[in-house]
Each structure stands twice: as C-alpha cells, then as structure tokens.
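Structure file structure.txt (compact mmCIF, C-alpha atoms and all ligand atoms) follows.
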# COMPACT_ATOMS: atom_id res chain seq x y z
CA MET O 1 -113.40 -17.86 -25.95
CA SER O 2 -113.29 -21.01 -28.01
CA TYR O 3 -116.40 -21.98 -29.94
CA ARG O 4 -118.70 -24.72 -28.61
CA ILE O 5 -121.74 -26.06 -30.41
CA PRO O 6 -124.75 -24.62 -28.57
CA ASP O 7 -127.20 -27.17 -27.16
CA SER O 8 -129.94 -24.97 -28.54
CA LEU O 9 -128.87 -25.90 -32.08
CA ILE O 10 -129.24 -29.58 -31.21
CA ALA O 11 -132.69 -28.92 -29.75
CA GLU O 12 -133.80 -26.98 -32.85
CA GLU O 13 -132.62 -29.61 -35.27
CA ASN O 14 -134.14 -32.40 -33.17
CA ALA O 15 -137.47 -30.58 -33.07
CA ARG O 16 -137.48 -30.38 -36.86
CA ALA O 17 -136.90 -34.12 -37.20
CA LEU O 18 -139.02 -35.25 -34.25
CA ALA O 19 -142.29 -36.23 -35.94
CA ALA O 20 -140.61 -38.52 -38.46
CA HIS O 21 -138.38 -39.97 -35.75
CA GLU O 22 -141.31 -40.75 -33.46
CA ASP O 23 -143.10 -42.48 -36.29
CA GLU O 24 -140.06 -44.65 -37.02
CA TYR O 25 -139.42 -45.37 -33.34
CA GLY O 26 -143.05 -46.46 -32.94
CA ALA O 27 -142.76 -48.80 -35.93
CA LEU O 28 -139.59 -50.39 -34.56
CA SER O 29 -141.16 -50.67 -31.13
CA ARG O 30 -144.11 -52.61 -32.59
CA LYS O 31 -141.83 -54.79 -34.68
CA LEU O 32 -139.74 -55.74 -31.64
CA ALA O 33 -142.85 -56.25 -29.50
CA ARG O 34 -144.07 -58.84 -32.01
CA ARG O 35 -140.84 -60.72 -31.21
CA GLY O 36 -141.44 -60.38 -27.48
CA LEU O 37 -138.84 -57.60 -27.09
CA ASP O 38 -139.27 -54.36 -25.16
CA ILE O 39 -137.70 -51.47 -27.06
CA GLU O 40 -137.25 -49.53 -23.81
CA ALA O 41 -134.86 -52.19 -22.52
CA ILE O 42 -132.83 -51.92 -25.75
CA ALA O 43 -132.85 -48.13 -25.52
CA ALA O 44 -131.55 -48.29 -21.94
CA ALA O 45 -128.78 -50.77 -22.85
CA VAL O 46 -127.74 -48.62 -25.81
CA ALA O 47 -127.69 -45.48 -23.66
CA GLY O 48 -125.41 -47.24 -21.17
CA PHE O 49 -122.87 -48.30 -23.79
CA GLY O 50 -119.69 -46.31 -24.29
CA VAL O 51 -116.75 -46.60 -26.65
CA ALA O 52 -113.56 -44.58 -26.15
CA VAL O 53 -112.24 -42.18 -28.77
CA PRO O 54 -108.48 -42.37 -29.42
CA THR O 55 -106.97 -38.91 -29.00
CA TRP O 56 -104.79 -39.57 -32.06
CA GLY O 57 -107.94 -40.17 -34.13
CA VAL O 58 -109.19 -36.57 -34.07
CA GLY O 59 -106.26 -35.39 -36.18
CA THR O 60 -106.12 -36.22 -39.88
CA GLY O 61 -104.25 -39.48 -40.39
CA GLY O 62 -101.93 -40.32 -43.21
CA THR O 63 -100.08 -43.07 -44.97
CA ARG O 64 -96.38 -43.62 -45.53
CA PHE O 65 -96.83 -41.62 -48.74
CA ALA O 66 -98.45 -38.47 -47.45
CA ARG O 67 -100.71 -36.78 -45.00
CA PHE O 68 -103.24 -34.19 -46.12
CA PRO O 69 -104.17 -32.18 -43.05
CA GLY O 70 -107.50 -30.41 -43.00
CA PRO O 71 -108.30 -26.94 -41.70
CA GLY O 72 -108.78 -26.44 -37.99
CA GLU O 73 -106.79 -29.48 -36.94
CA PRO O 74 -106.20 -29.89 -33.21
CA ARG O 75 -102.76 -28.56 -32.27
CA GLY O 76 -102.34 -30.50 -29.06
CA ILE O 77 -104.17 -32.49 -26.45
CA PHE O 78 -106.31 -29.57 -25.23
CA ASP O 79 -107.69 -29.01 -28.75
CA LYS O 80 -108.11 -32.78 -29.14
CA LEU O 81 -110.21 -32.88 -25.99
CA GLU O 82 -112.47 -30.16 -27.38
CA ASP O 83 -113.06 -32.25 -30.50
CA CYS O 84 -113.65 -35.39 -28.42
CA ALA O 85 -116.24 -33.44 -26.44
CA VAL O 86 -118.11 -32.50 -29.63
CA ILE O 87 -118.21 -36.16 -30.68
CA ASN O 88 -119.79 -37.08 -27.35
CA GLN O 89 -122.05 -34.04 -27.22
CA LEU O 90 -123.72 -34.94 -30.52
CA ALA O 91 -123.49 -38.74 -30.70
CA ARG O 92 -123.62 -39.58 -26.97
CA ALA O 93 -121.64 -42.80 -27.24
CA THR O 94 -118.10 -41.72 -26.38
CA PRO O 95 -117.80 -40.48 -22.78
CA THR O 96 -114.10 -41.38 -22.58
CA CYS O 97 -110.96 -40.88 -24.60
CA SER O 98 -107.78 -42.91 -24.76
CA PRO O 99 -104.57 -40.83 -24.67
CA HIS O 100 -101.21 -41.72 -26.26
CA PHE O 101 -97.83 -40.73 -24.77
CA PRO O 102 -95.68 -38.86 -25.41
CA TRP O 103 -97.97 -37.43 -28.12
CA ASP O 104 -100.35 -36.08 -25.44
CA LYS O 105 -97.65 -35.04 -22.99
CA VAL O 106 -98.31 -31.88 -20.92
CA SER O 107 -96.57 -30.29 -17.96
CA ASP O 108 -99.61 -30.40 -15.67
CA TYR O 109 -101.74 -33.55 -15.68
CA LYS O 110 -104.02 -32.23 -12.97
CA GLU O 111 -104.98 -29.43 -15.33
CA LEU O 112 -105.54 -31.95 -18.14
CA ALA O 113 -107.79 -34.12 -15.96
CA GLU O 114 -109.76 -31.05 -14.89
CA ARG O 115 -110.17 -29.83 -18.46
CA ALA O 116 -111.47 -33.26 -19.49
CA ARG O 117 -113.90 -33.31 -16.59
CA ALA O 118 -115.16 -29.83 -17.46
CA LEU O 119 -115.87 -31.10 -20.98
CA GLY O 120 -117.78 -34.10 -19.62
CA LEU O 121 -115.03 -36.55 -20.52
CA ALA O 122 -112.96 -39.12 -18.63
CA PHE O 123 -109.84 -41.03 -19.65
CA ASP O 124 -109.77 -44.65 -20.72
CA ALA O 125 -106.61 -46.75 -21.19
CA VAL O 126 -103.30 -44.90 -21.62
CA ASN O 127 -101.15 -45.97 -24.57
CA SER O 128 -97.37 -46.07 -24.58
CA ASN O 129 -95.30 -45.34 -27.67
CA THR O 130 -91.99 -47.09 -28.19
CA PHE O 131 -92.48 -47.40 -31.94
CA GLN O 132 -90.98 -43.96 -32.69
CA ASP O 133 -87.97 -42.06 -31.45
CA GLN O 134 -88.80 -38.83 -29.66
CA SER O 135 -86.53 -35.81 -29.82
CA GLY O 136 -83.88 -35.89 -27.14
CA GLN O 137 -84.36 -39.58 -26.48
CA PRO O 138 -80.98 -41.18 -25.63
CA LEU O 139 -81.39 -44.57 -27.35
CA SER O 140 -83.16 -45.45 -30.61
CA TYR O 141 -86.03 -47.89 -31.16
CA LYS O 142 -84.99 -48.52 -34.76
CA PHE O 143 -84.24 -52.16 -33.94
CA GLY O 144 -86.82 -52.68 -31.25
CA SER O 145 -87.90 -51.51 -27.84
CA LEU O 146 -89.10 -53.91 -25.14
CA THR O 147 -87.37 -56.73 -27.04
CA HIS O 148 -84.27 -54.90 -28.30
CA ALA O 149 -81.03 -56.90 -28.17
CA ASP O 150 -79.48 -54.12 -26.05
CA ARG O 151 -80.63 -54.27 -22.43
CA ASP O 152 -80.30 -50.49 -22.07
CA VAL O 153 -82.85 -49.91 -24.83
CA ARG O 154 -85.17 -52.42 -23.18
CA ALA O 155 -84.76 -50.59 -19.87
CA GLN O 156 -85.54 -47.24 -21.52
CA ALA O 157 -88.71 -48.70 -23.07
CA VAL O 158 -89.79 -50.22 -19.75
CA GLN O 159 -89.25 -46.87 -18.06
CA HIS O 160 -91.44 -45.10 -20.64
CA ASN O 161 -94.25 -47.55 -19.84
CA LEU O 162 -93.81 -46.91 -16.11
CA ASP O 163 -94.02 -43.18 -16.81
CA CYS O 164 -97.26 -43.81 -18.71
CA ILE O 165 -98.73 -45.62 -15.69
CA GLU O 166 -97.80 -42.68 -13.50
CA ILE O 167 -99.50 -40.25 -15.89
CA GLY O 168 -102.50 -42.55 -16.17
CA GLU O 169 -102.92 -42.55 -12.41
CA LYS O 170 -103.15 -38.77 -12.46
CA LEU O 171 -105.74 -38.96 -15.23
CA GLY O 172 -107.92 -41.64 -13.64
CA SER O 173 -107.07 -44.36 -16.16
CA LYS O 174 -107.23 -48.00 -15.12
CA ALA O 175 -105.27 -49.67 -17.90
CA LEU O 176 -102.10 -49.42 -19.94
CA THR O 177 -102.18 -50.59 -23.55
CA VAL O 178 -98.86 -51.82 -24.86
CA TRP O 179 -98.43 -52.17 -28.59
CA ILE O 180 -94.86 -52.58 -29.77
CA ALA O 181 -93.62 -52.50 -33.33
CA ASP O 182 -90.78 -54.89 -32.48
CA GLY O 183 -90.02 -57.58 -35.01
CA SER O 184 -87.74 -58.24 -37.93
CA ASN O 185 -87.58 -57.67 -41.67
CA PHE O 186 -85.21 -60.52 -42.49
CA ALA O 187 -85.22 -64.21 -41.64
CA GLY O 188 -82.32 -64.64 -39.25
CA GLN O 189 -82.34 -61.00 -38.13
CA SER O 190 -83.57 -61.99 -34.69
CA ASN O 191 -83.97 -65.16 -32.68
CA LEU O 192 -87.72 -65.77 -32.55
CA ASN O 193 -87.53 -67.51 -29.17
CA GLN O 194 -85.11 -65.09 -27.54
CA VAL O 195 -87.17 -61.99 -28.37
CA PHE O 196 -90.23 -63.53 -26.73
CA ASP O 197 -88.17 -64.08 -23.56
CA TRP O 198 -87.15 -60.43 -23.64
CA TYR O 199 -90.79 -59.43 -24.15
CA LEU O 200 -91.77 -61.37 -21.03
CA GLU O 201 -88.85 -60.00 -19.06
CA SER O 202 -89.70 -56.38 -19.97
CA THR O 203 -93.48 -56.65 -19.61
CA SER O 204 -93.13 -58.41 -16.25
CA GLN O 205 -91.27 -55.32 -14.99
CA ILE O 206 -94.19 -53.19 -16.20
CA TYR O 207 -96.71 -55.62 -14.74
CA ALA O 208 -94.97 -55.50 -11.36
CA ARG O 209 -95.62 -51.76 -11.16
CA LEU O 210 -99.30 -51.85 -12.13
CA PRO O 211 -101.58 -50.41 -9.45
CA ALA O 212 -103.83 -53.04 -7.85
CA ASP O 213 -106.95 -52.07 -9.79
CA TRP O 214 -105.22 -51.67 -13.17
CA ARG O 215 -104.93 -53.96 -16.16
CA LEU O 216 -102.25 -54.42 -18.74
CA PHE O 217 -103.63 -54.68 -22.28
CA LEU O 218 -101.33 -56.53 -24.66
CA GLU O 219 -102.05 -55.66 -28.28
CA HIS O 220 -100.95 -58.02 -30.99
CA LYS O 221 -100.49 -57.17 -34.66
CA LEU O 222 -99.55 -59.50 -37.49
CA TYR O 223 -97.24 -57.20 -39.45
CA GLU O 224 -96.27 -53.60 -40.13
CA PRO O 225 -93.86 -51.98 -39.56
CA ALA O 226 -91.98 -55.30 -39.24
CA PHE O 227 -92.54 -57.35 -42.39
CA TYR O 228 -90.90 -60.69 -41.71
CA SER O 229 -91.80 -61.39 -38.07
CA THR O 230 -93.49 -59.47 -35.30
CA VAL O 231 -92.85 -60.39 -31.67
CA ILE O 232 -96.49 -60.27 -30.57
CA SER O 233 -97.99 -61.17 -33.91
CA ASP O 234 -101.19 -62.96 -33.02
CA TRP O 235 -103.64 -63.83 -30.26
CA GLY O 236 -101.70 -67.00 -29.45
CA SER O 237 -98.55 -65.06 -28.61
CA SER O 238 -100.62 -62.48 -26.77
CA LEU O 239 -102.42 -65.13 -24.70
CA MET O 240 -99.16 -66.93 -23.88
CA ALA O 241 -97.71 -63.67 -22.62
CA ALA O 242 -100.84 -62.71 -20.65
CA GLN O 243 -100.94 -66.11 -18.98
CA ALA O 244 -97.26 -65.91 -18.10
CA LEU O 245 -97.62 -62.41 -16.63
CA GLY O 246 -100.65 -62.88 -14.38
CA PRO O 247 -104.38 -62.18 -14.06
CA LYS O 248 -104.14 -58.43 -14.68
CA ALA O 249 -102.71 -59.01 -18.17
CA ARG O 250 -105.28 -59.23 -20.95
CA CYS O 251 -105.29 -59.56 -24.73
CA LEU O 252 -106.52 -56.61 -26.76
CA VAL O 253 -108.14 -57.29 -30.12
CA ASP O 254 -107.62 -54.61 -32.75
CA LEU O 255 -109.88 -55.66 -35.59
CA GLY O 256 -107.25 -54.80 -38.23
CA HIS O 257 -104.41 -56.80 -36.72
CA HIS O 258 -105.14 -60.29 -38.01
CA ALA O 259 -104.26 -62.57 -40.88
CA PRO O 260 -106.60 -62.21 -43.85
CA ASN O 261 -109.77 -64.31 -43.57
CA VAL O 262 -109.17 -65.18 -39.94
CA ASN O 263 -112.35 -65.71 -37.92
CA ILE O 264 -112.08 -62.80 -35.48
CA GLU O 265 -115.30 -63.58 -33.61
CA GLN O 266 -113.95 -67.03 -32.84
CA ILE O 267 -110.76 -65.50 -31.44
CA VAL O 268 -112.96 -63.28 -29.28
CA SER O 269 -114.85 -66.32 -28.07
CA ARG O 270 -111.62 -68.12 -27.15
CA LEU O 271 -110.24 -65.11 -25.28
CA ILE O 272 -113.49 -64.76 -23.33
CA ARG O 273 -113.28 -68.44 -22.47
CA ALA O 274 -109.74 -67.94 -21.18
CA GLY O 275 -110.92 -64.96 -19.11
CA ARG O 276 -108.36 -62.82 -20.95
CA LEU O 277 -110.26 -60.52 -23.27
CA ALA O 278 -108.95 -57.01 -22.63
CA GLY O 279 -111.23 -55.32 -25.10
CA PHE O 280 -111.11 -53.85 -28.58
CA HIS O 281 -109.69 -51.36 -30.94
CA PHE O 282 -112.51 -51.05 -33.46
CA ASN O 283 -111.86 -50.16 -37.06
CA ASP O 284 -112.51 -51.80 -40.40
CA SER O 285 -110.35 -53.06 -43.23
CA LYS O 286 -110.31 -54.72 -46.59
CA TYR O 287 -106.65 -55.70 -46.86
CA GLY O 288 -104.66 -55.31 -43.66
CA ASP O 289 -104.43 -52.78 -40.85
CA ASP O 290 -106.29 -50.28 -42.99
CA ASP O 291 -107.77 -48.39 -40.01
CA LEU O 292 -110.92 -47.57 -41.98
CA ASP O 293 -114.06 -46.51 -40.15
CA ALA O 294 -115.75 -49.21 -38.05
CA GLY O 295 -118.62 -50.85 -39.89
CA SER O 296 -117.73 -49.29 -43.26
CA VAL O 297 -116.46 -52.44 -44.98
CA GLU O 298 -117.69 -55.47 -43.05
CA PRO O 299 -120.57 -54.53 -40.75
CA PHE O 300 -121.60 -58.19 -40.51
CA ARG O 301 -118.22 -59.07 -38.98
CA LEU O 302 -118.65 -56.32 -36.41
CA PHE O 303 -122.11 -57.70 -35.59
CA LEU O 304 -120.68 -61.22 -35.20
CA VAL O 305 -118.11 -59.91 -32.71
CA PHE O 306 -120.92 -58.32 -30.68
CA ASN O 307 -122.90 -61.51 -30.96
CA GLU O 308 -120.09 -63.25 -29.05
CA LEU O 309 -120.02 -60.44 -26.46
CA VAL O 310 -123.76 -60.56 -25.85
CA ASP O 311 -123.55 -64.33 -25.69
CA ALA O 312 -120.89 -63.97 -22.96
CA ILE O 313 -123.11 -61.54 -21.04
CA HIS O 314 -125.97 -64.06 -21.18
CA ALA O 315 -123.65 -66.86 -20.09
CA GLN O 316 -122.31 -64.63 -17.28
CA ALA O 317 -118.76 -65.37 -18.37
CA ALA O 318 -116.18 -64.95 -15.60
CA ASP O 319 -113.68 -62.07 -15.76
CA PHE O 320 -115.63 -60.46 -18.57
CA ASP O 321 -115.39 -56.68 -18.63
CA PRO O 322 -114.04 -55.61 -22.01
CA ALA O 323 -112.85 -52.08 -22.79
CA TYR O 324 -114.23 -50.65 -26.01
CA MET O 325 -112.11 -48.24 -28.00
CA LEU O 326 -111.94 -46.99 -31.56
CA ASP O 327 -108.57 -46.99 -33.34
CA GLN O 328 -108.84 -45.49 -36.80
CA SER O 329 -106.93 -43.31 -39.21
CA HIS O 330 -109.08 -40.70 -40.93
CA ASN O 331 -107.25 -39.78 -44.11
CA VAL O 332 -110.03 -38.43 -46.33
CA THR O 333 -112.81 -37.40 -43.94
CA ASP O 334 -113.33 -34.89 -41.16
CA PRO O 335 -112.21 -37.01 -38.17
CA ILE O 336 -115.07 -35.72 -36.00
CA GLU O 337 -117.63 -36.95 -38.53
CA SER O 338 -115.87 -40.30 -38.91
CA LEU O 339 -115.67 -40.85 -35.17
CA MET O 340 -119.35 -40.01 -34.61
CA GLN O 341 -120.34 -42.35 -37.43
CA SER O 342 -118.01 -45.13 -36.26
CA ALA O 343 -119.16 -44.94 -32.64
CA THR O 344 -122.74 -45.20 -33.91
CA GLU O 345 -121.84 -48.26 -35.98
CA VAL O 346 -120.29 -49.94 -32.94
CA VAL O 347 -123.42 -49.26 -30.87
CA ARG O 348 -125.55 -50.46 -33.79
CA ALA O 349 -123.74 -53.83 -33.79
CA TYR O 350 -124.37 -54.07 -30.05
CA ALA O 351 -128.10 -53.34 -30.47
CA GLN O 352 -128.41 -55.81 -33.34
CA ALA O 353 -126.78 -58.49 -31.18
CA LEU O 354 -129.07 -57.66 -28.26
CA ILE O 355 -132.21 -58.39 -30.25
CA VAL O 356 -131.10 -61.84 -31.43
CA ASP O 357 -133.51 -64.45 -30.06
CA ARG O 358 -130.96 -66.46 -28.07
CA ALA O 359 -133.36 -69.12 -26.83
CA ALA O 360 -134.55 -69.82 -30.38
CA LEU O 361 -130.93 -69.81 -31.58
CA ALA O 362 -129.88 -72.35 -28.95
CA ASP O 363 -132.86 -74.48 -29.90
CA ALA O 364 -131.97 -74.41 -33.60
CA GLN O 365 -128.37 -75.30 -32.71
CA ARG O 366 -129.55 -78.26 -30.61
CA GLN O 367 -131.56 -79.50 -33.55
CA SER O 368 -128.66 -79.00 -35.95
CA ASP O 369 -130.88 -76.70 -37.98
CA ALA O 370 -128.08 -74.88 -39.74
CA LEU O 371 -130.19 -72.60 -41.91
CA GLY O 372 -132.73 -71.96 -39.17
CA ALA O 373 -129.97 -70.90 -36.77
CA HIS O 374 -128.44 -68.63 -39.39
CA ARG O 375 -131.82 -67.02 -40.11
CA ILE O 376 -132.27 -66.23 -36.42
CA LEU O 377 -128.87 -64.56 -36.28
CA LYS O 378 -129.50 -62.70 -39.54
CA GLN O 379 -132.80 -61.40 -38.23
CA GLY O 380 -130.87 -59.41 -35.63
CA PHE O 381 -128.38 -58.10 -38.18
CA LEU O 382 -131.03 -57.16 -40.73
CA THR O 383 -133.26 -55.26 -38.33
CA ASP O 384 -132.78 -51.52 -38.78
CA VAL O 385 -132.17 -50.41 -35.22
CA SER O 386 -131.42 -46.79 -36.22
CA PRO O 387 -134.52 -45.37 -34.48
CA VAL O 388 -133.55 -46.82 -31.09
CA LEU O 389 -129.98 -45.51 -31.47
CA ALA O 390 -131.37 -42.07 -32.33
CA GLU O 391 -133.79 -42.14 -29.40
CA ALA O 392 -131.00 -43.05 -26.94
CA ARG O 393 -128.98 -40.12 -28.27
CA ARG O 394 -131.93 -37.74 -28.05
CA ARG O 395 -132.73 -38.73 -24.47
CA GLY O 396 -129.11 -38.18 -23.52
CA GLY O 397 -129.19 -34.64 -24.92
CA GLY O 398 -127.54 -35.59 -28.22
CA ALA O 399 -128.61 -35.15 -31.81
CA LEU O 400 -131.05 -37.30 -33.76
CA ASP O 401 -128.69 -36.76 -36.71
CA PRO O 402 -125.23 -35.92 -35.29
CA ILE O 403 -123.49 -35.35 -38.61
CA ALA O 404 -126.23 -33.04 -39.90
CA VAL O 405 -126.03 -30.90 -36.74
CA TYR O 406 -122.23 -30.89 -36.86
CA ARG O 407 -122.24 -29.67 -40.46
CA LYS O 408 -124.86 -27.05 -39.72
CA SER O 409 -122.87 -25.74 -36.74
CA GLY O 410 -119.89 -24.74 -38.84
CA TYR O 411 -117.62 -26.02 -36.03
CA ARG O 412 -114.71 -26.88 -38.30
CA ALA O 413 -114.68 -23.50 -40.02
CA ARG O 414 -114.74 -21.80 -36.60
CA LYS O 415 -111.82 -23.95 -35.44
CA ALA O 416 -109.92 -23.13 -38.63
CA GLU O 417 -110.02 -19.50 -37.49
CA GLU O 418 -109.19 -20.25 -33.87
CA ARG O 419 -106.43 -22.77 -34.54
CA PRO O 420 -103.74 -21.51 -36.86
CA ALA O 421 -102.01 -24.50 -38.46
CA VAL O 422 -98.87 -25.69 -36.69
CA ALA O 423 -96.06 -27.74 -38.10
CA GLY O 424 -95.21 -31.17 -36.75
CA SER O 425 -98.63 -31.97 -35.29
CA SER O 426 -98.64 -35.22 -33.33
CA SER O 427 -101.85 -36.23 -35.08
CA GLY O 428 -101.72 -38.82 -37.79
CA ILE O 429 -99.12 -41.47 -38.25
CA VAL O 430 -97.13 -41.15 -41.43
C1 LIG O 501 -95.57 -46.67 -54.89
C2 LIG O 501 -95.28 -47.18 -56.27
C3 LIG O 501 -94.58 -46.13 -57.10
C4 LIG O 501 -93.52 -45.35 -56.33
C5 LIG O 501 -94.03 -44.90 -54.98
C6 LIG O 501 -92.98 -44.16 -54.17
O1 LIG O 501 -95.98 -47.71 -54.06
O2 LIG O 501 -94.55 -48.37 -56.24
O3 LIG O 501 -94.01 -46.73 -58.23
O4 LIG O 501 -93.21 -44.20 -57.07
O5 LIG O 501 -94.45 -46.04 -54.29
C1 LIG O 502 -100.92 -49.37 -34.14
C2 LIG O 502 -101.79 -49.99 -33.08
C3 LIG O 502 -101.85 -49.21 -31.79
C4 LIG O 502 -101.83 -47.72 -31.99
C5 LIG O 502 -100.85 -47.28 -33.05
C6 LIG O 502 -100.90 -45.80 -33.28
O1 LIG O 502 -101.14 -49.96 -35.40
O2 LIG O 502 -103.08 -50.21 -33.59
O3 LIG O 502 -103.01 -49.53 -31.08
O4 LIG O 502 -101.42 -47.19 -30.78
O5 LIG O 502 -101.11 -47.98 -34.24
MN MN O 503 -104.72 -50.53 -32.18
MN MN O 504 -103.33 -50.67 -35.85

Would you mind writing the file's structure down as structure tokens?
Amino acid sequence: MSYRIPDSLIAEENARALAAHEDEYGALSRKLARRGLDIEAIAAAVAGFGVAVPTWGVGTGGTRFARFPGPGEPRGIFDKLEDCAVINQLARATPTCSPHFPWDKVSDYKELAERARALGLAFDAVNSNTFQDQSGQPLSYKFGSLTHADRDVRAQAVQHNLDCIEIGEKLGSKALTVWIADGSNFAGQSNLNQVFDWYLESTSQIYARLPADWRLFLEHKLYEPAFYSTVISDWGSSLMAAQALGPKARCLVDLGHHAPNVNIEQIVSRLIRAGRLAGFHFNDSKYGDDDLDAGSVEPFRLFLVFNELVDAIHAQAADFDPAYMLDQSHNVTDPIESLMQSATEVVRAYAQALIVDRAALADAQRQSDALGAHRILKQGFLTDVSPVLAEARRRGGGALDPIAVYRKSGYRARKAEERPAVAGSSSGIV
C-alpha cells in the first residue's frame, strides 16, 4: 500500500496554528472592509482558482550540464500522479495536471484516467514532444519536426500530435499544447519564410483533427535549443499562425519565453484584445527560460499579468477563458515543495489583482494622475493577502502551512523506500 499523507495530520497542524491564523484573517478582513471590500468574496474567488501542475515538474529537473536526482523520485506517470495529488491535497490550488507525451505514455489510458479521478485530479492540456527523438522512432528531429525540410519528418511529427489528441480525448483533456524546438543555429541554415509555411501546413493538419470543443495552444519561445532563429519565436509569429489556423487556435504565454525586458503584461493585454490568449505557463526567470519558481524573482511582474487578467474579467472581454499551468524545472528543491509554493504565488498574484480599486484606478487614469494611479495599483500588490489564501486552503481541506505539513509528514522519505531509483527517468530535461 503506498503511503498517503493522512488528513488527520493536516487537521492537527491546522488546529495548532488556528488561533494565530484567525487573528491575522480578522485583521485582513478589517483592512479590506475599510476599502469597501468583502474578504469573503476574495476567499471564494481564490478557492475557485486552479492552476495545472505539469507532470514533468514533479521530477527533479536538470541543466545541460547535469541533473541531480533526489530520493523517492517518481518513476513514471502513476507515481507522478501521486505527487500531484499531494500538492493539491495540501495547497488546494492544483486540481488538474498537464501530461506530456510520450513521457507519460501508458498502455491503458482508461486506467490512467481512473487513477487520476481516484486521486481527485483531472487532466488539463496534453503536450506533444517533437523536440527529442524517442527510441525506435523512424525519423530524427535533429533538424526540425513540424517544419523539417523533409516532408516525411513533418508527417511523422503531425501524426504524433494526432496521437496526443487521441490520448487526450481518453483523458478528458480539451486542449493540445504544441511547442516545437524547430529553428536554426546558423544564418542561412533555413529559409525563414519557408519554415513558417511548413509550420502552417503541419499545424493546419493538426487543427483539422481537433475535436469540436478543443483548442490548440501554440507556444512561442525566443531561443533554445535553436540559437540563431526559432520558427515560432515570439507572440507576433504565434498570433499570425493562430489567426491563419482559425478560432480554436490560441497563443500560449510561457513567462520565460520572451526577449529580455519585454513587457509581458502588455503582450497579454494584446492577446486578450485579439481574443487569442490561450493561457500561461507560469515560471520565473532572471536571464532567459530559467524555469525558476513562479514569483521567486519578479513577483511584481506576475501581479501585473494578473492585473491585466482581472481587468479583462471586469471588461467582460470576449473569448476570454485562459488556461493556467505551471512550467518549471526544479533543480535544487523538492519539486513537491516548489510546486506548492509556486501555485500559492500564482494565486497570491490573482488575489492581489482582485483587490485593486479599479474605479479609483480608472479615475486616476482619466485625470492623468500618474503617481496616483501607480499608488492604487501598488496598494493591491503590497497588501499581504496570505491570510485569505490560507483560509481558502483550510476551508477546502488543505493545510494552513502546506510546506510545514509536507515536511512533517515525511512523505519523501517514505517514497524513497517505496520507489527504488530507476535509470532513465523521463523527469527532468537535460
Ligand atoms: C562551461 C564552461 C566551462 C566548461 C563547461 C563544459 O559553461 O565554459 O569552461 O568546462 O562549460
Ligand atoms: C519548453 C517549453 C514547453 C515544455 C518543454 C518541456 O521550454 O516551455 O512548454 O513542454 O520545455
Ligand atoms: Mn512552457
Ligand atoms: Mn520553457
């Protein structure tokens, strides 16, 4: 029988921390009331917010230099689901997970869907992988996949995406995320215009096979592994492709996939305006696609992204239904701890954006009161919303302090006994 964290441990730890928590919740409630805000409405909105965990994120990540796996790593998708369930059990913000194929391939998808359901989880977008060669694969992706110069390689990559849709249907997913590594390392290596044509040709074949209620998420990335040009390098290329493909195609914003200093929240605003925002891969970075934990480097930027999202909700923007996912590489932490912390930081940014006084902000903007407007925005960011996040977790059966309960449970040590290390784990991208 595999170890699960008992709910009684959560209850005990919550009981110990309850008096202090209630005091802090009361103080925040009074603070918000003075601004005309009802903390119960914020608590309800927070409780209803979910962000998907990437199945590849529960294994230790790595760099191109090395990977340092920890004890008790998940050995396959069934172990990964167990870890995803712990993240949701304690932090109550991640009811779904986003699988990656063929990393999460199994022989029986009905069994996989049932196992997820039994653990209280559902599946979010399925991700295809044509950035690596798999054993036994006839043709190589070394020089590209959906935009390879050889039509047979393109056809193989298209077929893999169609297979992913078929798997996703069995799992209850409603979207396919396509990120390709295609690009070039040398000026002249590929024809920049031609490869975009091939991208459209290949993705239109995938688009044609999307079930009626599905969406196709196109994920751009500026560079890496291609270092001279990348086919879908930026939101402009992504939007051009989405508009060429049709209304079910949307642009996915991974926070780490932009040029340095680019204004990501403005890109989000433009994509909302175009009715093409697919959703997010949240992570944080200092230099490039660092895949650090969300909110760990630039929490203000994360808040500004949510400010645009809450603004769109207020404006009742058309075609606005973004998918929220984490996409991180945990190289030096226990992935379960990182994912609980990151999910909390994403929800925090949402709560901070919810309490911004939008009427006062619009007024300050009308009066061209630059500093006044900024102060209104900052008031949301600088309010410590931790007590309302904790209360939403507690009411949902989660932990007031998820990481403290996780550490106390000894889950990882138990898994180290249950899961003998295996070679060639699909976790972590090296
Ligand atoms: C590092 C650095 C070192 C080299 C390793 C492999 O980035 O440049 O000099 O030994 O790579
Ligand atoms: C990429 C990109 C994709 C993810 C892979 C593993 O950099 O962010 O979303 O599927 O990494
Ligand atoms: Mn991503
Ligand atoms: Mn990435």

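Using only C-alpha atoms and all ligand atoms, residues with at least one atom at most 8 Å away from any atom of ligand MN 504 (chain O) are O:Lys221, O:Asp254, O:Gly256, O:His257, O:Asp289, O:Asp290, O:Asp291, O:Asp327, O:Gln328.
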
Exercise for review: Tell me, as a count of residues only, which residues lie within 12 Å of Gln159 in chain O, counting all atoms listed in the file; anything in the same chain fewer than 4 positions away does not count.
Suggested key: 19

Point to revise | Between CA of Arg395 in chain O and CA of Ile5 in chain O - distance in Å to one decimal | key: 17.8 Å

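Using all atoms listed in the file for every distance, the candidate list O:Gly144, O:Gly26, O:Gly396, O:Gly57 yields O:Gly57 as the residue closest to ligand LIG 502 (chain O).
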
Contact check, chain O to ligand LIG 501 (chain O), at most 12 Å, counting only C-alpha atoms and all ligand atoms, closest pairs as CSV:
residue,atom,partner,partner_atom,distance
O:Thr63,CA,O:LIG501,O1,11.0
O:Arg64,CA,O:LIG501,O5,9.3
O:Phe65,CA,O:LIG501,C6,7.1
O:Ala66,CA,O:LIG501,C6,10.4

Exercise for review: For Asn307 in chain O, work out the shell of residues within 7 Å, counting all atoms listed in the file and skipping chain neighbours fewer than 4 positions away, then give it as a list of chain:residue names.
Suggested key: O:Phe303, O:Asp311, O:Ala353

Practice item. Quote the spacing between CA of Gly397 in chain O and CA of Asp79 in chain O in Å to one decimal place. Key: 22.6 Å
